[in-house]
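Read through the structure below, which is laid out as structure tokens, and then see the notes.
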Amino acid sequence: MFYWVMKTIFIGPVVNLLFRPWVKGMDNVPAAGPAILVSNHLSFSDSIFLPLAVPRPVSFLAKSEYFTGRGLKGKLTAAFFRLTNQLPIDRSGGAASEAALRAGVKVLESGNLLGIYPEGTRSPDGRLYRGKTGVAKMALQTGVPVIPVAMIGTDKVQPIGRRIPNIRRIGIIVGEPLDFSRYAGLENDRFVQRSVTDEIMYELMRLSGQEYVDVYASTVKDKMSAARKVSKAAENRSAAVRLPHSESPEPGVGPSAGRRGGHKEPGEITVIGAPGTAAPKKPAKGQEQAGPVEDAEGQQETPHSA
């Protein structure tokens with residue numbers, strides 16, 4: 001009930017008015033019966049735009065962090081995901097991930113639509129990354145069709161780290177269902193699981209036009225996070241050893257110019273006529289000069305008394 005109220009009365013009309021989503025191929029989604037919707041993952045808002053566009057309810061496998069948030073925002077997010085039939089998935093692997101996949105299988109066995117992001121996390125840079133084999137396991141175990149869906153432009157609407165979305169148009173392309181019944185009985189074969197997953201990712205690449213990278217997105221994110229930490233640590237070390245800025249001397253003046261009292265270090269040279277230095281005194285009237293002087297013709301004269 002809550003799902004339909006939010007979709008048709010509150011969220012749906014607002015989203016359609018602001019973002020004007022265009023949709024292609026929605027007739028590829030069956031009107032009844034189970035199916036898996038596999039989508040690229042560019043933004044948090046993917047989990048809002050896609051269910052609103054599909055006529056039938058869609059249960060998504062969402063990361064478990066959305067269900068365990070703290071504070072008012074965390075509790076509201078968790079309540080929204082639960083009330084809209086979203087299922088938490090633990091991405092740590094092992095038994096926790098298997099339990100989440102079993103929950104997805106139950107959705108399919110009940111004849112419903114299941115949504116999943118095979119990349120496992122949002123793309124850090126807009127490219128399409130290697131898919132995880134969980135979607136293949138469920139498809140092979142249940143024998144249901146897999147429907148590829150390409151989200152277009154949602155990374156521009158709400159990039160990673162941005163809370164308030166940008167108002168711009170987005171697109172949704174729904175591809176033709178993929179049938180993997182030829183692999184019946186081989187659901188536990190890891191090579192078959194990888195082959196099925198790669199075929200799904202190829203279709204997503206073809207529909208979305210994204211560049212494909214044969215690396216897990218989570219691995220790239222971990223490397224990016226580690227690089228940021230190293231960079232931050234280097235900046236902190238640099239700030240800790242940076243000397244305070246001192247007043248620079250005037251051009252052409254030695255290091256003693258900025259010191260008080262005209263104090264000069266041993267070996268420093270005083271530049272005559274420079275700021276901070278005294279000009280040489282002129283000899284008093286009638287006083288003898290201490291050395292030879294040159295006449296107008298450049299010839300030296302011997303000092304003599306007046």
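Labeling convention for the structure tokens: chains A, B, ... as they appear, residues from 1 per chain, ligands from 1 in order of appearance.
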Q: Taking the DSSP assignment computed from this structure's backbone, write out as an NGL selection string all residues of segment 79-183 of chain A that belong to strand (DSSP E or B).
A: :A and (87-89 or 113-116 or 128-129 or 146-152 or 171-174 or 178)
Selection export as a compact mmCIF listing (two decimals), in the first residue's frame, atoms kept: all heavy atoms:
```
# COMPACT_ATOMS: atom_id res chain seq x y z
N LEU A 87 15.50 -4.84 -0.24
CA LEU A 87 16.10 -5.89 0.58
C LEU A 87 17.57 -5.57 0.85
O LEU A 87 18.31 -5.23 -0.09
CB LEU A 87 16.00 -7.24 -0.13
CG LEU A 87 14.58 -7.67 -0.55
CD1 LEU A 87 14.67 -8.95 -1.37
CD2 LEU A 87 13.71 -7.87 0.68
N PRO A 88 18.01 -5.65 2.10
CA PRO A 88 19.42 -5.37 2.39
C PRO A 88 20.33 -6.49 1.91
O PRO A 88 20.01 -7.68 2.04
CB PRO A 88 19.44 -5.27 3.93
CG PRO A 88 18.29 -6.11 4.38
CD PRO A 88 17.24 -5.98 3.32
N ILE A 89 21.45 -6.11 1.32
CA ILE A 89 22.44 -7.09 0.89
C ILE A 89 23.78 -6.73 1.52
O ILE A 89 24.24 -5.59 1.46
CB ILE A 89 22.57 -7.13 -0.65
CG1 ILE A 89 23.61 -8.17 -1.07
CG2 ILE A 89 22.88 -5.77 -1.25
CD1 ILE A 89 23.65 -8.43 -2.56
N LEU A 113 9.14 -9.04 -9.46
CA LEU A 113 10.32 -8.49 -10.13
C LEU A 113 11.40 -8.16 -9.10
O LEU A 113 11.12 -7.58 -8.05
CB LEU A 113 9.95 -7.21 -10.89
CG LEU A 113 9.01 -7.34 -12.08
CD1 LEU A 113 8.74 -5.97 -12.69
CD2 LEU A 113 9.58 -8.28 -13.13
N LEU A 114 12.63 -8.52 -9.44
CA LEU A 114 13.77 -8.24 -8.57
C LEU A 114 14.75 -7.35 -9.32
O LEU A 114 15.11 -7.63 -10.47
CB LEU A 114 14.47 -9.54 -8.16
CG LEU A 114 15.72 -9.37 -7.29
CD1 LEU A 114 15.35 -8.87 -5.90
CD2 LEU A 114 16.50 -10.68 -7.19
N GLY A 115 15.17 -6.28 -8.68
CA GLY A 115 16.16 -5.38 -9.28
C GLY A 115 17.51 -5.55 -8.60
O GLY A 115 17.59 -5.72 -7.38
N ILE A 116 18.58 -5.51 -9.39
CA ILE A 116 19.91 -5.68 -8.82
C ILE A 116 20.92 -4.92 -9.66
O ILE A 116 20.76 -4.76 -10.88
CB ILE A 116 20.29 -7.19 -8.74
CG1 ILE A 116 21.60 -7.37 -7.96
CG2 ILE A 116 20.38 -7.81 -10.13
CD1 ILE A 116 21.93 -8.82 -7.67
N LEU A 128 31.53 1.69 -16.82
CA LEU A 128 30.87 0.46 -16.42
C LEU A 128 31.93 -0.53 -15.97
O LEU A 128 32.90 -0.79 -16.70
CB LEU A 128 30.08 -0.12 -17.59
CG LEU A 128 29.25 -1.38 -17.31
CD1 LEU A 128 28.08 -1.06 -16.37
CD2 LEU A 128 28.73 -1.99 -18.61
N TYR A 129 31.74 -1.11 -14.77
CA TYR A 129 32.76 -1.98 -14.21
C TYR A 129 32.31 -3.45 -14.19
O TYR A 129 31.15 -3.76 -14.47
CB TYR A 129 33.13 -1.51 -12.80
CG TYR A 129 34.00 -0.28 -12.82
CD1 TYR A 129 33.45 1.00 -12.89
CD2 TYR A 129 35.39 -0.39 -12.81
CE1 TYR A 129 34.25 2.12 -12.95
CE2 TYR A 129 36.20 0.72 -12.86
CZ TYR A 129 35.63 1.98 -12.93
OH TYR A 129 36.43 3.10 -12.99
N VAL A 146 16.44 -12.48 -17.61
CA VAL A 146 17.19 -11.34 -17.11
C VAL A 146 17.01 -10.18 -18.08
O VAL A 146 17.27 -10.31 -19.28
CB VAL A 146 18.68 -11.69 -16.97
CG1 VAL A 146 19.48 -10.46 -16.54
CG2 VAL A 146 18.88 -12.83 -15.99
N ILE A 147 16.56 -9.04 -17.57
CA ILE A 147 16.25 -7.88 -18.41
C ILE A 147 17.26 -6.77 -18.13
O ILE A 147 17.28 -6.21 -17.03
CB ILE A 147 14.82 -7.38 -18.15
CG1 ILE A 147 13.83 -8.51 -18.37
CG2 ILE A 147 14.51 -6.18 -19.04
CD1 ILE A 147 12.41 -8.18 -17.98
N PRO A 148 18.14 -6.46 -19.10
CA PRO A 148 19.13 -5.38 -18.87
C PRO A 148 18.48 -4.01 -18.97
O PRO A 148 17.64 -3.76 -19.83
CB PRO A 148 20.13 -5.61 -20.01
CG PRO A 148 19.34 -6.26 -21.10
CD PRO A 148 18.29 -7.09 -20.41
N VAL A 149 18.90 -3.12 -18.08
CA VAL A 149 18.36 -1.75 -18.05
C VAL A 149 19.52 -0.78 -17.94
O VAL A 149 20.40 -0.93 -17.09
CB VAL A 149 17.41 -1.55 -16.85
CG1 VAL A 149 16.88 -0.12 -16.85
CG2 VAL A 149 16.28 -2.55 -16.88
N ALA A 150 19.53 0.22 -18.82
CA ALA A 150 20.58 1.24 -18.81
C ALA A 150 20.01 2.56 -18.30
O ALA A 150 19.06 3.10 -18.88
CB ALA A 150 21.16 1.42 -20.20
N MET A 151 20.57 3.05 -17.22
CA MET A 151 20.21 4.37 -16.70
C MET A 151 21.11 5.41 -17.38
O MET A 151 22.33 5.26 -17.43
CB MET A 151 20.39 4.42 -15.19
CG MET A 151 19.65 3.33 -14.43
SD MET A 151 17.86 3.38 -14.67
CE MET A 151 17.45 4.95 -13.90
N ILE A 152 20.49 6.47 -17.90
CA ILE A 152 21.21 7.48 -18.66
C ILE A 152 21.15 8.83 -17.95
O ILE A 152 20.06 9.35 -17.69
CB ILE A 152 20.62 7.63 -20.09
CG1 ILE A 152 20.49 6.26 -20.77
CG2 ILE A 152 21.47 8.58 -20.91
CD1 ILE A 152 21.79 5.56 -21.03
N GLY A 171 17.26 9.42 -18.65
CA GLY A 171 16.69 8.43 -19.56
C GLY A 171 16.81 7.01 -19.03
O GLY A 171 17.68 6.72 -18.19
N ILE A 172 15.94 6.14 -19.50
CA ILE A 172 15.94 4.72 -19.11
C ILE A 172 15.73 3.90 -20.38
O ILE A 172 14.75 4.10 -21.10
CB ILE A 172 14.84 4.41 -18.09
CG1 ILE A 172 15.01 5.26 -16.83
CG2 ILE A 172 14.85 2.93 -17.73
CD1 ILE A 172 13.87 5.11 -15.83
N ILE A 173 16.68 2.99 -20.65
CA ILE A 173 16.57 2.10 -21.81
C ILE A 173 16.47 0.67 -21.30
O ILE A 173 17.36 0.19 -20.59
CB ILE A 173 17.78 2.23 -22.75
CG1 ILE A 173 17.92 3.68 -23.22
CG2 ILE A 173 17.63 1.30 -23.94
CD1 ILE A 173 19.16 3.91 -24.08
N VAL A 174 15.38 -0.02 -21.68
CA VAL A 174 15.16 -1.40 -21.26
C VAL A 174 15.43 -2.32 -22.45
O VAL A 174 14.80 -2.18 -23.51
CB VAL A 174 13.71 -1.60 -20.75
CG1 VAL A 174 13.53 -3.02 -20.25
CG2 VAL A 174 13.40 -0.59 -19.64
N LEU A 178 17.13 -11.62 -21.58
CA LEU A 178 18.21 -12.58 -21.86
C LEU A 178 17.81 -13.93 -21.28
O LEU A 178 17.39 -14.02 -20.12
CB LEU A 178 19.52 -12.11 -21.23
CG LEU A 178 20.02 -10.72 -21.67
CD1 LEU A 178 21.28 -10.35 -20.88
CD2 LEU A 178 20.30 -10.69 -23.16
```
Sorted per-residue table, segment 83-121 of chain A near segment 22-38 of chain A, closest atoms and distance, 12 Å, only C-alpha atoms, as a tab-separated table:
```
residue	atom	partner	partner_atom	distance
A:Gly104	CA	A:Ile36	CA	9.5
A:Val105	CA	A:Ile36	CA	10.0
A:Lys106	CA	A:Pro34	CA	10.5
A:Val107	CA	A:Pro34	CA	8.1
A:Leu108	CA	A:Pro34	CA	5.2
A:Glu109	CA	A:Pro34	CA	7.2
A:Ser110	CA	A:Pro34	CA	7.5
A:Gly111	CA	A:Pro34	CA	4.3
A:Asn112	CA	A:Pro34	CA	4.7
A:Leu113	CA	A:Ala35	CA	5.2
A:Leu114	CA	A:Ile36	CA	4.9
A:Gly115	CA	A:Leu37	CA	4.6
A:Ile116	CA	A:Val38	CA	5.2
A:Tyr117	CA	A:Val38	CA	5.7
A:Pro118	CA	A:Val38	CA	6.7
A:Glu119	CA	A:Val38	CA	9.6
A:Gly120	CA	A:Val38	CA	11.0
```
Go ahead and write the selection's residues with N, CA, C and O atoms as a JSON list (two decimals), in the first residue's frame.
```json
[["chain", "number", "residue", "atom", "x", "y", "z"],
["A", 104, "GLY", "N", 16.68, -12.78, -2.42],
["A", 104, "GLY", "CA", 16.32, -12.43, -3.77],
["A", 104, "GLY", "C", 15.62, -13.56, -4.50],
["A", 104, "GLY", "O", 14.66, -13.34, -5.25],
["A", 105, "VAL", "N", 16.08, -14.77, -4.27],
["A", 105, "VAL", "CA", 15.46, -15.95, -4.89],
["A", 105, "VAL", "C", 14.01, -16.09, -4.41],
["A", 105, "VAL", "O", 13.12, -16.43, -5.20],
["A", 106, "LYS", "N", 13.75, -15.78, -3.15],
["A", 106, "LYS", "CA", 12.39, -15.86, -2.63],
["A", 106, "LYS", "C", 11.47, -14.87, -3.34],
["A", 106, "LYS", "O", 10.30, -15.17, -3.60],
["A", 107, "VAL", "N", 11.99, -13.69, -3.64],
["A", 107, "VAL", "CA", 11.20, -12.70, -4.37],
["A", 107, "VAL", "C", 10.81, -13.25, -5.74],
["A", 107, "VAL", "O", 9.66, -13.14, -6.19],
["A", 108, "LEU", "N", 11.76, -13.88, -6.42],
["A", 108, "LEU", "CA", 11.50, -14.43, -7.74],
["A", 108, "LEU", "C", 10.56, -15.63, -7.67],
["A", 108, "LEU", "O", 9.66, -15.78, -8.52],
["A", 109, "GLU", "N", 10.73, -16.45, -6.66],
["A", 109, "GLU", "CA", 9.85, -17.62, -6.52],
["A", 109, "GLU", "C", 8.41, -17.21, -6.21],
["A", 109, "GLU", "O", 7.48, -17.98, -6.44],
["A", 110, "SER", "N", 8.25, -15.98, -5.71],
["A", 110, "SER", "CA", 6.90, -15.47, -5.45],
["A", 110, "SER", "C", 6.29, -14.83, -6.69],
["A", 110, "SER", "O", 5.17, -14.32, -6.64],
["A", 111, "GLY", "N", 7.01, -14.85, -7.81],
["A", 111, "GLY", "CA", 6.49, -14.32, -9.06],
["A", 111, "GLY", "C", 6.65, -12.83, -9.23],
["A", 111, "GLY", "O", 5.95, -12.22, -10.05],
["A", 112, "ASN", "N", 7.58, -12.22, -8.50],
["A", 112, "ASN", "CA", 7.75, -10.77, -8.53],
["A", 112, "ASN", "C", 9.00, -10.35, -9.30],
["A", 112, "ASN", "O", 9.81, -11.19, -9.71],
["A", 113, "LEU", "N", 9.14, -9.04, -9.46],
["A", 113, "LEU", "CA", 10.32, -8.49, -10.13],
["A", 113, "LEU", "C", 11.40, -8.16, -9.10],
["A", 113, "LEU", "O", 11.12, -7.58, -8.05],
["A", 114, "LEU", "N", 12.63, -8.52, -9.44],
["A", 114, "LEU", "CA", 13.77, -8.24, -8.57],
["A", 114, "LEU", "C", 14.75, -7.35, -9.32],
["A", 114, "LEU", "O", 15.11, -7.63, -10.47],
["A", 115, "GLY", "N", 15.17, -6.28, -8.68],
["A", 115, "GLY", "CA", 16.16, -5.38, -9.28],
["A", 115, "GLY", "C", 17.51, -5.55, -8.60],
["A", 115, "GLY", "O", 17.59, -5.72, -7.38],
["A", 116, "ILE", "N", 18.58, -5.51, -9.39],
["A", 116, "ILE", "CA", 19.91, -5.68, -8.82],
["A", 116, "ILE", "C", 20.92, -4.92, -9.66],
["A", 116, "ILE", "O", 20.76, -4.76, -10.88],
["A", 117, "TYR", "N", 21.96, -4.42, -9.01],
["A", 117, "TYR", "CA", 23.07, -3.76, -9.68],
["A", 117, "TYR", "C", 24.26, -4.72, -9.68],
["A", 117, "TYR", "O", 24.92, -4.89, -8.64],
["A", 118, "PRO", "N", 24.56, -5.36, -10.80],
["A", 118, "PRO", "CA", 25.63, -6.36, -10.80],
["A", 118, "PRO", "C", 27.01, -5.80, -10.49],
["A", 118, "PRO", "O", 27.89, -6.56, -10.08],
["A", 119, "GLU", "N", 27.22, -4.49, -10.67],
["A", 119, "GLU", "CA", 28.52, -3.91, -10.31],
["A", 119, "GLU", "C", 28.75, -3.93, -8.81],
["A", 119, "GLU", "O", 29.89, -3.84, -8.35],
["A", 120, "GLY", "N", 27.66, -4.01, -8.03],
["A", 120, "GLY", "CA", 27.78, -4.08, -6.58],
["A", 120, "GLY", "C", 27.86, -2.75, -5.89],
["A", 120, "GLY", "O", 27.62, -2.65, -4.68]]
```
**Q.** Computed interatomic separation between atom CA of Ser47 of chain A and atom CA of Phe60 of chain A (Å)
**A.** 7.6 Å
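Considering only C-alpha atoms, the residue among A:Gly74, A:Gly161, A:Gly134, A:Gly12 positioned nearest to Leu61 of chain A is A:Gly134.
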Q. Using only C-alpha atoms, which of A:Phe67, A:Asp125, A:Arg56, A:Phe44 sits nearest Arg82 of chain A?
A. A:Phe67
Based on the backbone DSSP call, show me all residues of segment 45-225 of chain A assigned alpha helix (DSSP H), as a PDB file with C-alpha atoms, in the first residue's frame.
```pdb
ATOM      1  CA  ASP A  46      18.779   5.062  -9.741  1.00  0.00           C
ATOM      2  CA  SER A  47      16.787   3.211  -7.079  1.00  0.00           C
ATOM      3  CA  ILE A  48      14.122   5.913  -7.322  1.00  0.00           C
ATOM      4  CA  PHE A  49      13.916   6.572 -11.048  1.00  0.00           C
ATOM      5  CA  LEU A  50      13.757   2.935 -12.179  1.00  0.00           C
ATOM      6  CA  PRO A  51      10.991   1.643  -9.845  1.00  0.00           C
ATOM      7  CA  LEU A  52       8.893   4.713 -10.668  1.00  0.00           C
ATOM      8  CA  ALA A  53       9.202   3.996 -14.383  1.00  0.00           C
ATOM      9  CA  GLY A  71      20.213   9.842  13.341  1.00  0.00           C
ATOM     10  CA  LEU A  72      17.010  11.152  11.852  1.00  0.00           C
ATOM     11  CA  LYS A  73      18.219  10.941   8.251  1.00  0.00           C
ATOM     12  CA  GLY A  74      19.464   7.362   8.692  1.00  0.00           C
ATOM     13  CA  LYS A  75      16.194   6.226  10.258  1.00  0.00           C
ATOM     14  CA  LEU A  76      14.095   7.870   7.558  1.00  0.00           C
ATOM     15  CA  THR A  77      16.219   6.284   4.831  1.00  0.00           C
ATOM     16  CA  ALA A  78      15.929   2.852   6.426  1.00  0.00           C
ATOM     17  CA  ALA A  79      12.154   3.221   6.799  1.00  0.00           C
ATOM     18  CA  PHE A  80      11.790   4.300   3.164  1.00  0.00           C
ATOM     19  CA  PHE A  81      13.771   1.325   1.862  1.00  0.00           C
ATOM     20  CA  ARG A  82      11.845  -1.166   3.959  1.00  0.00           C
ATOM     21  CA  LEU A  83       8.435   0.263   3.062  1.00  0.00           C
ATOM     22  CA  GLY A  94      30.668 -15.275   2.290  1.00  0.00           C
ATOM     23  CA  ALA A  95      27.605 -16.404   4.235  1.00  0.00           C
ATOM     24  CA  ALA A  96      26.194 -12.870   4.523  1.00  0.00           C
ATOM     25  CA  SER A  97      26.068 -12.417   0.745  1.00  0.00           C
ATOM     26  CA  GLU A  98      24.583 -15.872   0.284  1.00  0.00           C
ATOM     27  CA  ALA A  99      21.776 -15.006   2.690  1.00  0.00           C
ATOM     28  CA  ALA A 100      20.983 -11.886   0.662  1.00  0.00           C
ATOM     29  CA  LEU A 101      20.897 -13.888  -2.561  1.00  0.00           C
ATOM     30  CA  ARG A 102      18.498 -16.374  -0.977  1.00  0.00           C
ATOM     31  CA  ALA A 103      16.211 -13.462  -0.131  1.00  0.00           C
ATOM     32  CA  GLY A 104      16.319 -12.426  -3.770  1.00  0.00           C
ATOM     33  CA  VAL A 105      15.458 -15.947  -4.887  1.00  0.00           C
ATOM     34  CA  LYS A 106      12.390 -15.865  -2.634  1.00  0.00           C
ATOM     35  CA  VAL A 107      11.196 -12.702  -4.375  1.00  0.00           C
ATOM     36  CA  LEU A 108      11.499 -14.433  -7.742  1.00  0.00           C
ATOM     37  CA  GLU A 109       9.853 -17.621  -6.520  1.00  0.00           C
ATOM     38  CA  GLY A 134      25.466 -13.093  -7.719  1.00  0.00           C
ATOM     39  CA  VAL A 135      22.998 -12.151 -10.453  1.00  0.00           C
ATOM     40  CA  ALA A 136      24.101 -15.158 -12.527  1.00  0.00           C
ATOM     41  CA  LYS A 137      23.614 -17.496  -9.592  1.00  0.00           C
ATOM     42  CA  MET A 138      20.034 -16.351  -9.081  1.00  0.00           C
ATOM     43  CA  ALA A 139      19.220 -16.434 -12.791  1.00  0.00           C
ATOM     44  CA  LEU A 140      20.614 -19.951 -13.224  1.00  0.00           C
ATOM     45  CA  GLN A 141      18.962 -21.247 -10.070  1.00  0.00           C
ATOM     46  CA  THR A 142      15.491 -19.906 -10.862  1.00  0.00           C
ATOM     47  CA  THR A 154      21.573   9.958 -13.471  1.00  0.00           C
ATOM     48  CA  ASP A 155      25.215  10.571 -12.524  1.00  0.00           C
ATOM     49  CA  LYS A 156      24.730  14.169 -13.659  1.00  0.00           C
ATOM     50  CA  VAL A 157      21.562  14.503 -11.588  1.00  0.00           C
ATOM     51  CA  ARG A 190      31.934 -20.911 -11.651  1.00  0.00           C
ATOM     52  CA  PHE A 191      32.978 -20.609 -15.288  1.00  0.00           C
ATOM     53  CA  VAL A 192      29.333 -20.611 -16.354  1.00  0.00           C
ATOM     54  CA  GLN A 193      28.513 -18.022 -13.693  1.00  0.00           C
ATOM     55  CA  ARG A 194      31.262 -15.752 -14.993  1.00  0.00           C
ATOM     56  CA  SER A 195      30.196 -16.289 -18.603  1.00  0.00           C
ATOM     57  CA  VAL A 196      26.577 -15.365 -17.816  1.00  0.00           C
ATOM     58  CA  THR A 197      27.656 -12.287 -15.839  1.00  0.00           C
ATOM     59  CA  ASP A 198      29.944 -11.091 -18.626  1.00  0.00           C
ATOM     60  CA  GLU A 199      27.140 -11.487 -21.173  1.00  0.00           C
ATOM     61  CA  ILE A 200      24.877  -9.350 -18.975  1.00  0.00           C
ATOM     62  CA  MET A 201      27.559  -6.669 -18.608  1.00  0.00           C
ATOM     63  CA  TYR A 202      28.103  -6.636 -22.372  1.00  0.00           C
ATOM     64  CA  GLU A 203      24.414  -5.869 -22.895  1.00  0.00           C
ATOM     65  CA  LEU A 204      24.562  -3.075 -20.332  1.00  0.00           C
ATOM     66  CA  MET A 205      27.601  -1.629 -22.070  1.00  0.00           C
ATOM     67  CA  ARG A 206      25.845  -1.780 -25.428  1.00  0.00           C
ATOM     68  CA  LEU A 207      22.662  -0.124 -24.143  1.00  0.00           C
ATOM     69  CA  SER A 208      24.301   2.561 -22.016  1.00  0.00           C
ATOM     70  CA  ALA A 217      34.291  -0.897  -9.005  1.00  0.00           C
ATOM     71  CA  SER A 218      34.830  -1.565  -5.296  1.00  0.00           C
ATOM     72  CA  THR A 219      38.544  -2.203  -5.982  1.00  0.00           C
ATOM     73  CA  VAL A 220      38.869   1.105  -7.803  1.00  0.00           C
ATOM     74  CA  LYS A 221      37.083   2.926  -4.982  1.00  0.00           C
ATOM     75  CA  ASP A 222      39.405   1.393  -2.390  1.00  0.00           C
ATOM     76  CA  LYS A 223      42.459   2.536  -4.359  1.00  0.00           C
ATOM     77  CA  MET A 224      41.046   6.028  -4.746  1.00  0.00           C
ATOM     78  CA  SER A 225      40.294   6.217  -1.036  1.00  0.00           C
TER      79      SER A 225
END
```
Q: Could you check which of A:Gly143, A:Gly175, A:Val215, A:Gly153 is closest to Glu187 of chain A, using only C-alpha atoms?
A: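 Nearest to Glu187 of chain A: A:Gly143.
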Q: Calculate how many Å separate atom CA of Ser123 of chain A from atom CA of Glu211 of chain A, rounding to one decimal.
A: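 For atom CA of Ser123 of chain A relative to atom CA of Glu211 of chain A, the distance reads 11.3 Å.
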